[in-house]
>>> print(open('input.cif').read())   # mmCIF, C-alpha atoms
data_start
loop_
_atom_site.group_PDB
_atom_site.id
_atom_site.type_symbol
_atom_site.label_atom_id
_atom_site.label_comp_id
_atom_site.auth_asym_id
_atom_site.auth_seq_id
_atom_site.Cartn_x
_atom_site.Cartn_y
_atom_site.Cartn_z
ATOM 1 C CA MET A 1 -42.317 -23.780 -45.618
ATOM 2 C CA TRP A 2 -40.108 -24.215 -42.579
ATOM 3 C CA MET A 3 -37.971 -26.760 -44.436
ATOM 4 C CA TRP A 4 -37.109 -24.108 -47.013
ATOM 5 C CA ILE A 5 -35.978 -21.773 -44.262
ATOM 6 C CA VAL A 6 -33.825 -24.460 -42.666
ATOM 7 C CA LEU A 7 -32.453 -25.495 -46.066
ATOM 8 C CA SER A 8 -31.694 -21.871 -46.941
ATOM 9 C CA LEU A 9 -29.875 -21.366 -43.646
ATOM 10 C CA ALA A 10 -27.865 -24.541 -44.200
ATOM 11 C CA VAL A 11 -26.886 -23.485 -47.725
ATOM 12 C CA ALA A 12 -25.941 -20.018 -46.459
ATOM 13 C CA LEU A 13 -23.776 -21.513 -43.696
ATOM 14 C CA VAL A 14 -22.022 -23.845 -46.125
ATOM 15 C CA ALA A 15 -21.423 -20.921 -48.491
ATOM 16 C CA ILE A 16 -20.053 -18.553 -45.828
ATOM 17 C CA ASN A 17 -17.812 -21.290 -44.443
ATOM 18 C CA GLY A 18 -16.563 -21.964 -47.973
ATOM 19 C CA VAL A 19 -15.806 -18.260 -48.373
ATOM 20 C CA ALA A 20 -13.950 -18.230 -45.043
ATOM 21 C CA PHE A 21 -11.931 -21.310 -46.044
ATOM 22 C CA TRP A 22 -11.028 -19.724 -49.384
ATOM 23 C CA MET A 23 -10.086 -16.394 -47.744
ATOM 24 C CA PHE A 24 -7.653 -18.131 -45.392
ATOM 25 C CA TYR A 25 -6.189 -20.102 -48.304
ATOM 26 C CA TRP A 26 -5.797 -16.916 -50.370
ATOM 27 C CA ASP A 27 -4.219 -15.022 -47.478
ATOM 28 C CA LYS A 28 -1.740 -17.855 -46.954
ATOM 29 C CA TRP A 29 -0.892 -17.864 -50.674
ATOM 30 C CA CYS A 30 -0.435 -14.089 -50.628
ATOM 31 C CA ALA A 31 1.834 -14.339 -47.580
ATOM 32 C CA GLU A 32 4.036 -16.930 -49.295
ATOM 33 C CA ASN A 33 4.195 -14.954 -52.571
ATOM 34 C CA ASN A 34 4.756 -11.444 -51.189
ATOM 35 C CA ARG A 35 1.340 -10.183 -52.345
ATOM 36 C CA GLN A 36 -1.117 -7.859 -50.673
ATOM 37 C CA ARG A 37 -2.744 -9.687 -47.771
ATOM 38 C CA ILE A 38 -6.339 -9.850 -46.596
ATOM 39 C CA PRO A 39 -6.724 -7.693 -43.460
ATOM 40 C CA GLU A 40 -7.196 -9.633 -40.235
ATOM 41 C CA ALA A 41 -10.397 -7.703 -39.564
ATOM 42 C CA ASN A 42 -11.876 -9.154 -42.769
ATOM 43 C CA LEU A 43 -10.836 -12.694 -41.823
ATOM 44 C CA LEU A 44 -12.376 -12.287 -38.382
ATOM 45 C CA GLY A 45 -15.450 -10.606 -39.870
ATOM 46 C CA VAL A 46 -16.244 -13.548 -42.122
ATOM 47 C CA ALA A 47 -15.834 -15.844 -39.116
ATOM 48 C CA LEU A 48 -18.167 -13.632 -37.098
ATOM 49 C CA ILE A 49 -21.009 -13.793 -39.614
ATOM 50 C CA GLY A 50 -21.033 -17.589 -39.535
ATOM 51 C CA GLY A 51 -17.798 -18.780 -41.151
ATOM 52 C CA SER A 52 -15.944 -19.785 -38.003
ATOM 53 C CA ILE A 53 -15.918 -23.509 -38.845
ATOM 54 C CA GLY A 54 -14.424 -22.879 -42.289
ATOM 55 C CA ALA A 55 -11.974 -20.363 -40.839
ATOM 56 C CA ILE A 56 -10.698 -22.714 -38.134
ATOM 57 C CA TRP A 57 -10.559 -25.626 -40.575
ATOM 58 C CA ALA A 58 -8.484 -23.580 -43.038
ATOM 59 C CA GLN A 59 -6.322 -22.192 -40.245
ATOM 60 C CA GLN A 60 -5.399 -25.708 -39.177
ATOM 61 C CA LYS A 61 -5.154 -27.197 -42.673
ATOM 62 C CA PHE A 62 -2.890 -24.469 -44.075
ATOM 63 C CA ARG A 63 -1.124 -23.773 -40.760
ATOM 64 C CA HIS A 64 -1.944 -20.127 -41.210
ATOM 65 C CA LYS A 65 -2.126 -17.686 -38.297
ATOM 66 C CA THR A 66 -1.994 -20.539 -35.807
ATOM 67 C CA ARG A 67 0.478 -18.797 -33.489
ATOM 68 C CA LYS A 68 -0.418 -15.158 -34.060
ATOM 69 C CA GLU A 69 -2.025 -13.531 -31.049
ATOM 70 C CA PRO A 70 -4.528 -12.013 -30.439
ATOM 71 C CA PHE A 71 -5.899 -13.225 -33.805
ATOM 72 C CA ARG A 72 -5.972 -16.867 -32.752
ATOM 73 C CA SER A 73 -7.729 -16.127 -29.460
ATOM 74 C CA LEU A 74 -10.263 -13.857 -31.154
ATOM 75 C CA LEU A 75 -11.065 -16.513 -33.761
ATOM 76 C CA PHE A 76 -11.573 -19.207 -31.148
ATOM 77 C CA GLY A 77 -13.568 -16.744 -29.021
ATOM 78 C CA ILE A 78 -15.892 -16.059 -31.949
ATOM 79 C CA ALA A 79 -16.356 -19.795 -32.503
ATOM 80 C CA ALA A 80 -17.012 -20.365 -28.786
ATOM 81 C CA LEU A 81 -19.641 -17.608 -28.693
ATOM 82 C CA GLN A 82 -21.365 -19.021 -31.778
ATOM 83 C CA PHE A 83 -21.326 -22.512 -30.288
ATOM 84 C CA LEU A 84 -22.747 -21.166 -27.031
ATOM 85 C CA PHE A 85 -25.427 -19.197 -28.909
ATOM 86 C CA VAL A 86 -26.548 -22.255 -30.897
ATOM 87 C CA GLY A 87 -26.532 -24.369 -27.739
ATOM 88 C CA VAL A 88 -28.672 -21.872 -25.857
ATOM 89 C CA MET A 89 -31.048 -21.527 -28.792
ATOM 90 C CA CYS A 90 -31.487 -25.308 -28.995
ATOM 91 C CA ILE A 91 -31.669 -26.123 -25.288
ATOM 92 C CA ALA A 92 -33.231 -23.170 -23.465
ATOM 93 C CA PRO A 93 -37.042 -23.112 -23.532
ATOM 94 C CA ARG A 94 -37.221 -19.562 -24.865
ATOM 95 C CA GLY A 95 -34.388 -20.257 -27.273
ATOM 96 C CA LYS A 96 -36.225 -23.328 -28.536
ATOM 97 C CA ALA A 97 -39.351 -21.216 -28.915
ATOM 98 C CA ALA A 98 -37.340 -18.637 -30.876
ATOM 99 C CA LEU A 99 -36.010 -21.326 -33.185
ATOM 100 C CA ASP A 100 -39.479 -22.778 -33.606
ATOM 101 C CA MET A 101 -40.807 -19.320 -34.402
ATOM 102 C CA LEU A 102 -38.112 -18.852 -37.030
ATOM 103 C CA THR A 103 -38.989 -22.125 -38.692
ATOM 104 C CA GLY A 104 -42.721 -21.575 -38.625
ATOM 105 C CA ALA A 105 -43.476 -24.332 -36.146
ATOM 106 C CA TYR A 106 -44.469 -21.741 -33.576
ATOM 107 C CA ARG A 107 -47.116 -20.317 -35.887
ATOM 108 C CA ALA A 108 -48.524 -23.769 -36.528
ATOM 109 C CA ALA A 109 -48.664 -24.445 -32.784
ATOM 110 C CA CYS A 110 -50.502 -21.167 -32.212
ATOM 111 C CA VAL A 111 -53.068 -22.057 -34.863
ATOM 112 C CA GLN A 112 -53.602 -25.466 -33.265
ATOM 113 C CA ARG A 113 -53.948 -23.899 -29.826
ATOM 114 C CA PHE A 114 -56.419 -21.312 -31.126
ATOM 115 C CA GLU A 115 -58.525 -24.007 -32.806
ATOM 116 C CA ALA A 116 -58.471 -26.166 -29.654
ATOM 117 C CA ASN A 117 -59.403 -23.127 -27.584
ATOM 118 C CA ALA A 118 -62.349 -22.387 -29.857
ATOM 119 C CA ARG A 119 -63.535 -26.016 -29.624
ATOM 120 C CA CYS A 120 -63.512 -26.041 -25.827
ATOM 121 C CA GLY A 121 -65.241 -22.672 -25.651
ATOM 122 C CA GLY A 122 -62.656 -20.607 -23.816
ATOM 123 C CA TRP A 123 -59.108 -20.198 -22.731
ATOM 124 C CA LEU A 124 -57.023 -23.325 -22.455
ATOM 125 C CA GLY A 125 -55.769 -24.258 -19.050
ATOM 126 C CA GLY A 126 -59.029 -24.982 -17.275
ATOM 127 C CA PHE A 127 -60.553 -21.515 -17.098
ATOM 128 C CA ASP A 128 -64.308 -21.487 -17.476
ATOM 129 C CA LYS A 129 -66.273 -18.761 -19.151
ATOM 130 C CA GLU A 130 -68.278 -16.599 -16.787
#
>>> encode(input="input.cif", output="structure tokens")
Amino acid sequence: MWMWIVLSLAVALVAINGVAFWMFYWDKWCAENNRQRIPEANLLGVALIGGSIGAIWAQQKFRHKTRKEPFRSLLFGIAALQFLFVGVMCIAPRGKAALDMLTGAYRAACVQRFEANARCGGWLGGFDKE
């Protein structure tokens, strides 16, 4: 079950990064051809919901909005916050527990602990029944 969740998240991240990449490409094409542009808020919004890697990749590949401030700083700030969030979730004990809970591993651990507790006749951790 947890593999489906992880696989679904991976597919969603690839898709949103693909959308971000395409949006930057389209905005660059529109800029070169005097067409209506994609608002910066939409470009930053797609980066915020998980497309920051695709957005930065497209920004560098197409040389689009690389010098425009504060857009550039906001985009890199979004990416930095996402990187920090993932790092905290993977490293911090409570963050790791949150990730485990999301993937179902936490539930499995609770079931194992409950079964072990029932076998030893009380709470785990050395407490005796009175």
>>> resolve_selection(input="input.cif", expression="the PyMOL selection byres ((chain A and resi 49) around 10)", output="ChimeraX atom specification")
/A:13,16-17,20,44-48,50-52,78,82
>>> resolve_selection(input="input.cif", expression="the PyMOL selection byres ((chain A and resi 29-40) around 12)", output="tab-separated table (two decimals) with C-alpha atoms, keeping the file's coordinate frame")
chain	number	residue	atom	x	y	z
A	20	ALA	CA	-13.95	-18.23	-45.04
A	22	TRP	CA	-11.03	-19.72	-49.38
A	23	MET	CA	-10.09	-16.39	-47.74
A	24	PHE	CA	-7.65	-18.13	-45.39
A	25	TYR	CA	-6.19	-20.10	-48.30
A	26	TRP	CA	-5.80	-16.92	-50.37
A	27	ASP	CA	-4.22	-15.02	-47.48
A	28	LYS	CA	-1.74	-17.86	-46.95
A	41	ALA	CA	-10.40	-7.70	-39.56
A	42	ASN	CA	-11.88	-9.15	-42.77
A	43	LEU	CA	-10.84	-12.69	-41.82
A	44	LEU	CA	-12.38	-12.29	-38.38
A	45	GLY	CA	-15.45	-10.61	-39.87
A	46	VAL	CA	-16.24	-13.55	-42.12
A	47	ALA	CA	-15.83	-15.84	-39.12
A	55	ALA	CA	-11.97	-20.36	-40.84
A	62	PHE	CA	-2.89	-24.47	-44.08
A	63	ARG	CA	-1.12	-23.77	-40.76
A	64	HIS	CA	-1.94	-20.13	-41.21
A	65	LYS	CA	-2.13	-17.69	-38.30
A	68	LYS	CA	-0.42	-15.16	-34.06
A	69	GLU	CA	-2.02	-13.53	-31.05
A	70	PRO	CA	-4.53	-12.01	-30.44
A	71	PHE	CA	-5.90	-13.22	-33.80
A	72	ARG	CA	-5.97	-16.87	-32.75
A	74	LEU	CA	-10.26	-13.86	-31.15
A	75	LEU	CA	-11.06	-16.51	-33.76
>>> atom_distance(input="input.cif", atom1="atom CA of A:Val6", atom2="atom CA of A:Gln60")
28.7 Å
>>> atom_distance(input="input.cif", atom1="atom CA of A:Ile56", atom2="atom CA of A:Phe83")
13.2 Å
>>> atom_distance(input="input.cif", atom1="atom CA of A:Ile53", atom2="atom CA of A:Val14")
9.5 Å
